[in-house]
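Next comes start25.csv, a file with CSV, C-alpha atoms.
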```csv
chain,number,residue,atom,x,y,z
A,1,MET,CA,-18.8,-37.2,18.0
A,2,THR,CA,-15.6,-35.8,16.6
A,3,ALA,CA,-15.0,-34.4,13.1
A,4,LEU,CA,-13.0,-37.5,12.3
A,5,GLU,CA,-15.8,-39.8,13.3
A,6,ARG,CA,-18.4,-37.8,11.4
A,7,SER,CA,-16.2,-37.9,8.3
A,8,ALA,CA,-16.6,-41.7,8.2
A,9,GLY,CA,-20.3,-41.3,7.7
A,10,PRO,CA,-22.2,-42.8,4.8
A,11,GLY,CA,-22.8,-39.5,3.0
A,12,LEU,CA,-19.4,-39.6,1.4
A,13,GLY,CA,-18.8,-41.2,-2.0
A,14,PRO,CA,-16.5,-44.1,-2.8
A,15,GLY,CA,-12.8,-43.3,-2.5
A,16,SER,CA,-10.6,-42.9,-5.4
A,17,GLY,CA,-7.3,-44.5,-5.0
A,18,PRO,CA,-3.8,-43.2,-5.8
A,19,GLY,CA,-3.0,-43.0,-9.4
A,20,SER,CA,-6.6,-42.0,-10.4
A,21,GLY,CA,-5.6,-38.4,-11.2
A,22,PRO,CA,-3.6,-35.5,-10.0
A,23,ASP,CA,-3.1,-35.2,-6.3
A,24,PRO,CA,-6.0,-33.0,-5.0
A,25,ILE,CA,-3.6,-31.6,-2.3
A,26,ASP,CA,-1.0,-30.6,-4.9
A,27,GLU,CA,-3.7,-29.0,-7.0
A,28,TYR,CA,-5.1,-27.1,-4.0
A,29,VAL,CA,-1.7,-25.9,-2.8
A,30,ALA,CA,-0.8,-24.7,-6.3
A,31,ALA,CA,-4.1,-22.8,-6.6
A,32,LEU,CA,-3.6,-21.2,-3.2
A,33,ALA,CA,0.0,-20.2,-4.0
A,34,ALA,CA,-1.1,-18.7,-7.4
A,35,VAL,CA,-3.5,-16.2,-5.8
A,36,LEU,CA,-1.2,-15.1,-2.9
A,37,HIS,CA,1.2,-12.3,-3.1
A,38,GLY,CA,3.7,-11.1,-0.6
A,39,PRO,CA,7.3,-11.5,0.7
A,40,ALA,CA,8.7,-14.8,-0.7
A,41,ARG,CA,9.7,-16.3,2.6
A,42,ALA,CA,6.5,-15.5,4.3
A,43,LYS,CA,4.4,-16.8,1.4
A,44,ALA,CA,6.5,-20.0,1.2
A,45,ARG,CA,6.0,-20.6,4.9
A,46,MET,CA,2.2,-20.1,4.8
A,47,VAL,CA,1.9,-22.3,1.7
A,48,THR,CA,4.1,-25.0,3.3
A,49,GLU,CA,2.0,-25.0,6.5
A,50,ALA,CA,-1.2,-25.2,4.4
A,51,ARG,CA,0.3,-28.3,2.7
A,52,ASP,CA,1.3,-29.8,6.0
A,53,ALA,CA,-2.2,-29.3,7.4
A,54,LEU,CA,-3.8,-30.9,4.4
A,55,THR,CA,-1.4,-33.8,4.5
A,56,ASP,CA,-2.0,-34.4,8.2
A,57,GLY,CA,-5.7,-34.1,7.7
A,58,ALA,CA,-5.7,-36.6,4.8
A,59,ALA,CA,-3.6,-39.0,6.9
A,60,ASP,CA,-6.2,-38.8,9.7
A,61,PHE,CA,-9.1,-39.4,7.4
A,62,ALA,CA,-7.4,-42.1,5.2
A,63,PRO,CA,-8.2,-45.1,7.4
A,64,HIS,CA,-11.9,-44.3,7.1
A,65,LEU,CA,-12.2,-42.9,3.6
A,66,GLY,CA,-9.3,-44.1,1.4
A,67,PRO,CA,-6.6,-41.8,0.1
A,68,GLY,CA,-8.5,-39.9,-2.6
A,69,ASP,CA,-11.6,-39.0,-0.6
A,70,ALA,CA,-9.4,-38.4,2.5
A,71,ALA,CA,-7.5,-35.7,0.6
A,72,ARG,CA,-10.7,-34.2,-0.6
A,73,ARG,CA,-12.2,-34.3,2.9
A,74,ALA,CA,-9.1,-32.6,4.3
A,75,ILE,CA,-9.5,-29.9,1.7
A,76,ASP,CA,-13.2,-29.5,2.6
A,77,ASP,CA,-12.2,-29.0,6.3
A,78,PHE,CA,-9.5,-26.6,5.3
A,79,GLY,CA,-11.8,-24.4,3.2
A,80,SER,CA,-11.9,-23.6,-0.5
A,81,VAL,CA,-9.2,-21.3,-1.9
A,82,GLU,CA,-11.8,-18.6,-2.3
A,83,GLU,CA,-12.7,-18.9,1.4
A,84,VAL,CA,-9.3,-18.9,2.9
A,85,ALA,CA,-7.2,-16.9,0.5
A,86,PRO,CA,-8.4,-13.4,1.8
A,87,ALA,CA,-7.3,-14.2,5.4
A,88,PHE,CA,-3.9,-15.5,4.1
A,89,GLN,CA,-3.5,-12.5,1.9
A,90,ARG,CA,-4.3,-10.1,4.8
A,91,GLU,CA,-1.3,-11.5,6.7
A,92,LEU,CA,0.9,-11.4,3.6
A,93,THR,CA,-0.1,-7.9,2.9
A,94,ILE,CA,0.8,-6.8,6.4
A,95,ALA,CA,4.1,-8.8,6.2
A,96,GLN,CA,4.9,-6.9,3.0
A,97,ALA,CA,3.9,-3.6,4.6
A,98,ARG,CA,6.2,-4.3,7.5
A,99,HIS,CA,9.0,-5.3,5.1
A,100,THR,CA,8.7,-2.0,3.3
A,101,ALA,CA,8.3,0.0,6.5
A,102,ARG,CA,11.4,-1.6,8.0
A,103,ALA,CA,13.4,-0.9,4.8
A,104,VAL,CA,12.4,2.8,4.9
A,105,ALA,CA,12.8,3.2,8.7
A,106,LEU,CA,16.3,1.8,8.6
A,107,THR,CA,17.7,3.0,5.3
A,108,VAL,CA,16.5,6.6,5.0
A,109,PRO,CA,17.8,8.0,8.3
A,110,PHE,CA,21.1,6.2,7.8
A,111,LEU,CA,21.7,7.6,4.3
A,112,MET,CA,20.6,11.1,5.2
A,113,VAL,CA,23.1,11.2,8.1
A,114,CYS,CA,25.8,9.8,5.8
A,115,TRP,CA,25.0,12.5,3.2
A,116,TYR,CA,24.9,15.3,5.8
A,117,TRP,CA,28.2,14.2,7.2
A,118,THR,CA,29.9,13.8,3.8
A,119,THR,CA,28.7,17.0,2.2
A,120,ALA,CA,28.6,19.4,5.2
A,121,VAL,CA,30.6,18.2,8.2
A,122,GLY,CA,33.1,16.1,6.3
A,123,GLN,CA,34.1,19.0,4.2
A,124,GLY,CA,34.2,21.4,7.1
A,125,ARG,CA,31.9,23.9,5.4
A,126,GLN,CA,28.2,24.5,4.6
A,127,LEU,CA,26.5,23.2,1.4
A,128,PRO,CA,26.2,25.7,-1.5
A,129,HIS,CA,23.0,27.8,-1.3
A,130,HIS,CA,21.2,25.9,-4.1
A,131,ALA,CA,22.0,22.6,-2.5
A,132,GLN,CA,20.7,23.8,0.9
A,133,VAL,CA,17.5,24.9,-0.8
A,134,LEU,CA,17.0,21.4,-2.1
A,135,ALA,CA,18.4,19.5,1.0
A,136,ALA,CA,16.0,21.2,3.4
A,137,PRO,CA,12.8,19.8,2.0
A,138,LEU,CA,14.5,16.5,1.2
A,139,GLY,CA,15.6,16.2,4.8
A,140,GLY,CA,12.1,17.0,6.0
A,141,ILE,CA,10.5,14.5,3.7
A,142,ALA,CA,13.0,11.9,4.7
A,143,ALA,CA,12.3,12.5,8.4
A,144,ALA,CA,8.6,12.3,7.8
A,145,VAL,CA,8.7,9.0,5.9
A,146,ALA,CA,11.0,7.5,8.4
A,147,LEU,CA,8.7,8.4,11.3
A,148,LEU,CA,5.7,7.2,9.4
A,149,ALA,CA,7.4,3.9,8.6
A,150,ALA,CA,8.4,3.4,12.3
A,151,ALA,CA,4.9,4.2,13.4
A,152,SER,CA,3.5,1.7,10.9
A,153,LEU,CA,5.9,-1.0,12.2
A,154,ALA,CA,4.6,-0.4,15.7
A,155,ALA,CA,0.9,-0.3,14.6
A,156,THR,CA,1.3,-3.7,12.9
A,157,GLY,CA,3.3,-5.2,15.7
A,158,VAL,CA,2.9,-4.9,19.5
A,159,LEU,CA,0.4,-2.1,19.3
A,160,ALA,CA,-2.0,-4.2,17.2
A,161,ARG,CA,-2.7,-6.2,20.4
A,162,ARG,CA,-4.9,-3.3,21.5
A,163,LEU,CA,-5.7,-1.5,18.3
A,164,PRO,CA,-6.8,-3.2,15.1
A,165,VAL,CA,-4.6,-2.6,12.1
A,166,PRO,CA,-6.4,0.0,9.8
A,167,ASP,CA,-7.4,-1.6,6.5
A,168,ARG,CA,-5.6,1.2,4.5
A,169,LEU,CA,-2.4,1.1,6.4
A,170,PRO,CA,-0.6,-1.1,3.9
A,171,LEU,CA,-1.5,1.3,1.1
A,172,MET,CA,-0.2,4.2,3.2
A,173,VAL,CA,3.0,2.3,3.8
A,174,ALA,CA,3.3,1.6,0.1
A,175,TRP,CA,3.1,5.3,-0.8
A,176,THR,CA,5.4,6.1,2.1
A,177,GLY,CA,7.9,3.7,0.5
A,178,THR,CA,7.4,5.2,-2.9
A,179,THR,CA,8.0,8.7,-1.5
A,180,ALA,CA,11.1,7.5,0.3
A,181,GLY,CA,12.4,5.9,-2.9
A,182,THR,CA,11.8,9.1,-4.9
A,183,THR,CA,13.5,11.1,-2.2
A,184,LEU,CA,16.5,8.8,-2.2
A,185,GLY,CA,16.7,9.0,-6.0
A,186,ILE,CA,16.7,12.8,-6.1
A,187,SER,CA,19.1,12.9,-3.1
A,188,ALA,CA,21.5,10.6,-4.9
A,189,LEU,CA,21.6,12.7,-8.0
A,190,THR,CA,21.9,16.2,-6.4
A,191,LEU,CA,24.1,15.5,-3.5
A,192,THR,CA,26.5,13.3,-5.5
A,193,ALA,CA,26.8,16.2,-8.0
A,194,VAL,CA,27.4,18.7,-5.2
A,195,SER,CA,29.9,16.5,-3.5
A,196,ALA,CA,31.7,15.7,-6.7
A,197,LEU,CA,31.9,19.4,-7.6
A,198,ALA,CA,33.6,19.9,-4.3
A,199,GLY,CA,36.3,17.3,-5.3
A,200,ASN,CA,35.3,14.6,-2.9
A,201,TRP,CA,35.0,11.9,-5.6
A,202,LEU,CA,35.7,8.7,-3.8
A,203,ILE,CA,33.4,9.1,-0.8
A,204,SER,CA,30.6,10.8,-2.8
A,205,GLY,CA,30.8,8.0,-5.5
A,206,LEU,CA,30.6,5.2,-2.9
A,207,LEU,CA,27.7,7.0,-1.1
A,208,GLY,CA,26.0,7.6,-4.4
A,209,VAL,CA,26.1,3.9,-5.3
A,210,LEU,CA,24.8,3.0,-1.8
A,211,THR,CA,22.0,5.5,-2.2
A,212,VAL,CA,21.0,4.2,-5.7
A,213,VAL,CA,21.0,0.6,-4.4
A,214,SER,CA,18.9,1.6,-1.4
A,215,HIS,CA,16.6,3.5,-3.7
A,216,ALA,CA,16.1,0.4,-5.9
A,217,ARG,CA,15.4,-1.8,-2.9
A,218,VAL,CA,13.0,0.6,-1.2
A,219,ALA,CA,11.2,1.3,-4.5
A,220,ALA,CA,10.9,-2.4,-5.4
A,221,SER,CA,9.5,-3.1,-1.9
A,222,ALA,CA,7.1,-0.2,-2.2
A,223,ARG,CA,5.9,-1.5,-5.6
A,224,ALA,CA,5.3,-4.9,-4.1
A,225,CYS,CA,3.4,-3.3,-1.2
A,226,ARG,CA,1.2,-1.4,-3.6
A,227,GLN,CA,0.4,-4.6,-5.4
A,228,CYS,CA,-0.5,-6.4,-2.2
A,229,ALA,CA,-2.5,-3.5,-0.9
A,230,ARG,CA,-4.8,-3.6,-3.9
A,231,LEU,CA,-5.7,-7.3,-3.4
A,232,PRO,CA,-8.9,-8.3,-1.5
A,233,VAL,CA,-8.2,-9.3,2.1
A,234,GLY,CA,-10.4,-10.8,4.8
A,235,ARG,CA,-11.0,-9.6,8.3
A,236,PRO,CA,-9.0,-11.5,10.9
A,237,ALA,CA,-10.9,-14.5,12.1
A,238,ILE,CA,-11.2,-13.4,15.7
B,1,MET,CA,-20.5,-26.2,16.4
B,2,LYS,CA,-19.1,-24.2,13.4
B,3,GLY,CA,-16.7,-21.4,13.2
B,4,ASP,CA,-19.3,-18.6,13.6
B,5,ALA,CA,-20.0,-19.8,17.1
B,6,VAL,CA,-16.3,-19.3,18.2
B,7,ARG,CA,-15.8,-16.0,16.4
B,8,GLY,CA,-14.4,-13.6,18.9
B,9,HIS,CA,-12.8,-16.5,20.9
B,10,LEU,CA,-10.4,-17.9,18.4
B,11,ASP,CA,-7.4,-16.2,19.9
B,12,ALA,CA,-8.2,-17.6,23.4
B,13,LEU,CA,-8.7,-21.1,22.0
B,14,LEU,CA,-5.4,-21.1,20.2
B,15,LEU,CA,-3.5,-19.7,23.1
B,16,ALA,CA,-5.1,-22.2,25.5
B,17,ALA,CA,-4.2,-25.1,23.2
B,18,LEU,CA,-0.6,-24.1,23.5
B,19,GLU,CA,-0.6,-23.6,27.3
B,20,GLN,CA,0.8,-27.1,28.0
B,21,GLY,CA,3.7,-26.8,25.6
B,22,PRO,CA,4.7,-26.3,21.9
B,23,LEU,CA,2.6,-27.9,19.2
B,24,HIS,CA,2.6,-27.7,15.4
B,25,GLY,CA,-0.4,-26.2,13.5
B,26,TYR,CA,-2.5,-29.3,12.9
B,27,ALA,CA,-1.9,-30.6,16.4
B,28,ILE,CA,-3.2,-27.2,17.8
B,29,ILE,CA,-6.4,-27.7,15.8
B,30,THR,CA,-6.7,-31.3,17.0
B,31,ALA,CA,-6.1,-30.3,20.6
B,32,VAL,CA,-8.9,-27.7,20.4
B,33,GLN,CA,-11.3,-30.3,18.9
B,34,LYS,CA,-10.4,-32.9,21.5
B,35,ARG,CA,-10.6,-30.5,24.5
B,36,SER,CA,-14.0,-29.5,23.3
B,37,GLY,CA,-15.1,-33.1,23.1
B,38,GLY,CA,-15.5,-32.8,19.4
B,39,VAL,CA,-18.0,-30.0,19.7
B,40,LEU,CA,-15.9,-27.2,18.3
B,41,GLU,CA,-15.1,-27.7,14.6
B,42,LEU,CA,-12.6,-25.1,13.5
B,43,ARG,CA,-12.1,-24.5,9.8
B,44,THR,CA,-8.5,-25.6,9.4
B,45,GLY,CA,-7.7,-22.9,6.9
B,46,THR,CA,-8.6,-20.1,9.2
B,47,MET,CA,-6.1,-21.2,11.8
B,48,TYR,CA,-2.9,-20.5,10.0
B,49,PRO,CA,-3.5,-16.8,9.4
B,50,ALA,CA,-4.6,-16.5,13.0
B,51,LEU,CA,-1.4,-18.2,14.2
B,52,ASN,CA,0.6,-16.0,12.0
B,53,ARG,CA,-1.2,-12.9,13.4
B,54,LEU,CA,-0.7,-14.0,17.0
B,55,GLU,CA,3.0,-14.5,16.3
B,56,ARG,CA,3.2,-11.0,14.7
B,57,LEU,CA,1.7,-9.6,17.9
B,58,GLY,CA,4.4,-11.3,20.0
B,59,LEU,CA,2.0,-13.7,21.7
B,60,LEU,CA,3.5,-16.8,20.1
B,61,ARG,CA,6.9,-17.7,18.7
B,62,SER,CA,7.5,-20.5,16.2
B,63,ASP,CA,10.3,-22.4,14.7
B,64,TRP,CA,10.8,-25.2,12.2
B,65,GLN,CA,11.5,-28.6,13.9
B,66,SER,CA,12.1,-32.0,12.5
B,67,ALA,CA,9.5,-34.6,13.1
B,68,GLY,CA,10.6,-37.9,11.5
B,69,GLU,CA,11.2,-37.2,7.9
B,70,ARG,CA,9.2,-34.0,7.9
B,71,ARG,CA,9.9,-30.5,9.2
B,72,ARG,CA,7.0,-28.8,10.9
B,73,ARG,CA,6.5,-25.3,12.3
B,74,CYS,CA,6.0,-25.6,16.0
B,75,TYR,CA,4.4,-22.8,18.0
B,76,GLU,CA,4.7,-21.9,21.7
B,77,LEU,CA,3.4,-19.2,24.0
B,78,THR,CA,5.6,-16.2,24.8
B,79,ASP,CA,5.3,-14.6,28.3
B,80,ALA,CA,3.1,-12.0,26.7
B,81,GLY,CA,1.0,-14.8,25.3
B,82,ARG,CA,0.5,-16.3,28.7
B,83,ARG,CA,-0.6,-12.9,30.1
B,84,ALA,CA,-3.0,-12.5,27.2
B,85,LEU,CA,-4.4,-16.0,27.9
B,86,GLY,CA,-5.0,-15.0,31.5
B,87,GLU,CA,-6.8,-11.8,30.4
B,88,GLU,CA,-8.9,-13.8,27.9
B,89,ARG,CA,-9.9,-16.2,30.7
B,90,THR,CA,-10.9,-13.4,33.0
B,91,ALA,CA,-12.9,-11.7,30.3
B,92,TRP,CA,-14.6,-15.1,29.4
B,93,ARG,CA,-15.6,-15.8,33.0
B,94,GLU,CA,-17.1,-12.3,33.4
B,95,LEU,CA,-19.0,-12.7,30.1
B,96,THR,CA,-20.4,-16.1,30.9
B,97,ALA,CA,-21.3,-15.1,34.4
B,98,ALA,CA,-23.2,-12.0,33.1
B,99,ILE,CA,-24.9,-13.9,30.3
B,100,GLY,CA,-25.7,-16.8,32.7
B,101,ALA,CA,-27.3,-14.4,35.1
B,102,VAL,CA,-29.6,-13.1,32.4
B,103,LEU,CA,-30.5,-16.5,30.8
B,104,ASP,CA,-30.8,-18.5,34.0
B,105,PRO,CA,-31.8,-16.0,36.7
B,106,SER,CA,-32.0,-17.3,40.2
B,107,PRO,CA,-35.3,-16.5,41.9
B,108,ALA,CA,-35.2,-13.0,43.3
B,109,PRO,CA,-35.9,-12.8,47.0
B,110,GLY,CA,-39.3,-11.6,47.7
B,111,PRO,CA,-40.0,-8.2,49.2
B,112,ALA,CA,-39.7,-8.2,53.0
B,113,THR,CA,-43.0,-8.1,54.8
```

Take the structure I supplied and represent it as structure tokens, if you would.
Amino acid sequence: MTALERSAGPGLGPGSGPGSGPDPIDEYVAALAAVLHGPARAKARMVTEARDALTDGAADFAPHLGPGDAARRAIDDFGSVEEVAPAFQRELTIAQARHTARAVALTVPFLMVCWYWTTAVGQGRQLPHHAQVLAAPLGGIAAAVALLAAASLAATGVLARRLPVPDRLPLMVAWTGTTAGTTLGISALTLTAVSALAGNWLISGLLGVLTVVSHARVAASARACRQCARLPVGRPAI
Amino acid sequence: MKGDAVRGHLDALLLAALEQGPLHGYAIITAVQKRSGGVLELRTGTMYPALNRLERLGLLRSDWQSAGERRRRCYELTDAGRRALGEERTAWRELTAAIGAVLDPSPAPGPAT
């Protein structure tokens, strides 16, 4: 006996027709969307697919149950929001972590190379001593966060076929992003000042703006990642 | 048979359902139920995070496709997904052979006299 055939059994109450109240599927999808947090596109996709599944399920059950009960039966089969949200959130949290890690892994090395070229190579001389003292640890931190971000991308991608994603990885990515954002902010201030003092106004100004914009994007992504990492997530259903 | 019974085999079930060609999410669930003769009842809501995870791992790819007036996300196996399905099948045969040998042992030959 299939699930569909069982659903037509006598244990179910009388159906409620259309117009008897708010659409249960709409209410369910709204409740699910309200508790999920993550990248907008990924969240929209998952919520849309949930709605499609509920709509398809209700259409399957409708000939046996009537529209209202068919929708409720489809929701029962899907699982309550409390049951399914942790598994959805786990994927959204990993998606947000990958988003943040990608932003760090691409942005930080690019900007650091640009700054190095502009302030040292571009001017044909070394940085002033006080700038070198600051640039060395900033460069080290930038390299470390870029490597961590790249490793996190691998750990949540192809490598995850063999190794489970550690539960605390998204939080680690969030703080990596926060560190990267702070580093970019300090770099923007100090290196713009150094470059400007050297009279290289145009390039240093453009690069300063680019760094500030990157800082804002990385910091916002890291903040969203911290928020996602604090939410309860379920173990993958494998 | 509820979800707990298929825990550990969900990836293989989803990959196998897609072996014949692309399907959208609900059709994957229906295919698993039909191929199991209605015995396996999968909690619909657990499928979508699992499909998302398999796509993240590069075992599936997906795209929005028009189906009548609606757009649906259709999934299909990647080459890595086909290889993973083969590995899952091999692991399953080894497991069932081993468990079958324990649960239903054939009479051991008697000692030679």

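Across the structure, atom CA of Thr93 of chain A and atom CA of Ile75 of chain A are spaced 24.0 Å apart.
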
Rank nothing, just name the residue among A:Val212, A:Ala87, A:Ile203, A:Ala146 nearest to Cys114 of chain A, using only C-alpha atoms.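 Counting only C-alpha atoms, the residue closest to Cys114 of chain A is A:Ile203.
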
Counting only C-alpha atoms, which residues of chain B come no farther than 9 Å from chain A, as a count of residues only? 33

Quick one: pull the distance between atom CA of Val233 of chain A and atom CA of Leu60 of chain B, Å, one decimal. 22.7 Å

Any idea what's packed within 9 Å of Trp115 of chain A, counting all atoms listed in the file, ignoring anything in its chain fewer than 6 positions away? Could you give it as a list of chain:residue names?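 So, after excluding close chain neighbours, the residues are A:Ser187, A:Leu191, A:Thr192, A:Ser204, A:Leu207.
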